[in-house]
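Here the structure comes first, spelled out in structure tokens, and everything after it is commentary.
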Amino acid sequence: MIILSTIAELRKAVVNAKSSKQSIGLVPTMGYLHEGHLTLAKNAREENDVVVMSIFVNPTQFGPNEDFESYPRDLERDTKLAASVGVDYIFAPSVEEMYPHDGGIYIRAGRQAQTLCGASRPSHFDGVLQVVAKLFNLVQPDRAYFGQKDAQQVAIIQTMVRDYNFPVELRVVPVVREGDGLAKSSRNVYLSSIERMQAPVIQQALQIAKLELMDSGDVDQALAQATKIIEDNTAGKIDYLSILTYPDLKEVDENSDQILLAAAVYIGKTRLIDNLILSLKGERIHA
Ligand code: AMP
């Protein structure tokens with residue numbers, strides 16, 4: 001496995017792969033790898049000749065009072081883990097390498113970014129699209145791998161690919177969880193032992209909401225039950241708990257098919273997100 005830190009090196013590797021007609025799979029990450037990231041990489045390994053994993057804590061997707069500075073980083077550890085699943089290249093640029101110019105051109109996420117995480121993190125998805133568009137242009141992947149853990153991110157990137165004609169196939173990988181149901185996340189290391197015990201309640205609450213929704217079709221009732229579970233079993237503060245259509249992220253109605261149940265909860269100072277997607281074709285839903 002080769003570690004690349006400059007765009008010039010990356011371009012060389014991409015030109016080499018393209019000239020020998022090798023397919024390229026891209027796995028964008030912010031590092032501090034866990035089984036979720038590695039599952040994306042394993043899928044990429046199976047489906048492509050060359051696998052590029054980017055490891056870049058992207059400052060433009062963090063708000064002013066968020067955890068950009070303290071976000072966990074360990075390139076040495078990441079390198080070993082990525083090599084163990086057959087990644088060919090890690091692209092780990094500096095911030096200056098990725099953003100040498102100030103005040104340039106920005107991409108703005110549309111309506112799908114106004115709800116859920118976008119409501120509490122106003123420019124987050126603009127930053128995500130900026131870095132993902134750059135990575136698509138640099139790596140020119142045949143396929144790019146993203147986790148359903150960040151369901152809104154997937155939906156917004158799908159829209160960018162559609163609207164800006166990026167010639168890439170998006171591959172979406174189901175949420176990888178700990179044994180107790182907590183979605184794996186680099187941010188789980190922030191949790192104290194008591195918070196870690198409470199954190200799986202987010203997934204349990206979403207499961208209860210799903211059962212209620214399938215049972216009664218009542219969105220408000222499903223949300224009320226999930227809210228109660230979180231409030232009764234954690235010291236957490238709910239940022240949002242929502243049921244929307246997927247991937248449009250609109251209010252559900254009786255014609256809704258794919259439905260997203262999504263939550264963001266502060267467990268202590270750590271903001272954790274999780275979701276479930278269900279297909280309700282033919283079921284009666286009312287809001
Ligand atoms: P991050 O490093 O958090 O930006 O995540 C990089 C990619 O890994 C994103 O596409 C995430 O959705 C995906 N990812 C993160 N955690 C998980 C998980 N628990 N299961 C599946 N994919 C994940």
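Chains: A, B, ... in order of the structure tokens. Residues: from 1 per chain. Ligands: from 1, in order shown.
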DSSP says helix (DSSP H, G or I) for which residues of segment 101-238 of chain A? Put them as number ranges by chain? A: 111-114, 116-120, 124-139, 148-163, 186-190, 193-198, 201-216, 219-233
Give as an MDAnalysis selection string the residues surrounding ligand 1 up to a distance of 10 Å, considering only C-alpha atoms and all ligand atoms. chainID A and resid 27:41 53:58 61 128 144:154 171:178 182:187 273:274
So that I can check the secondary structure, give me every residue of segment 1-76 of chain A assigned strand (DSSP E) by backbone DSSP, as a list in words.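 For segment 1-76 of chain A, the strand (DSSP E) set is Ile2, Ile3, Leu4, Ile24, Gly25, Leu26, Val27, Pro28, Thr29, Val50, Val51, Val52, Met53, Ser54 and Ile55 of chain A.
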Looking at A:Gln114, A:Asn165, A:Gln22, A:Ser5, which one is nearest to Ile90 of chain A, with distances taken over only C-alpha atoms? A:Ser5
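Comparing A:Gln158, A:Asn65, A:Ser94, A:Thr6 by their smallest distance to Gly110 of chain A, the closest is A:Gln158 (using only C-alpha atoms).
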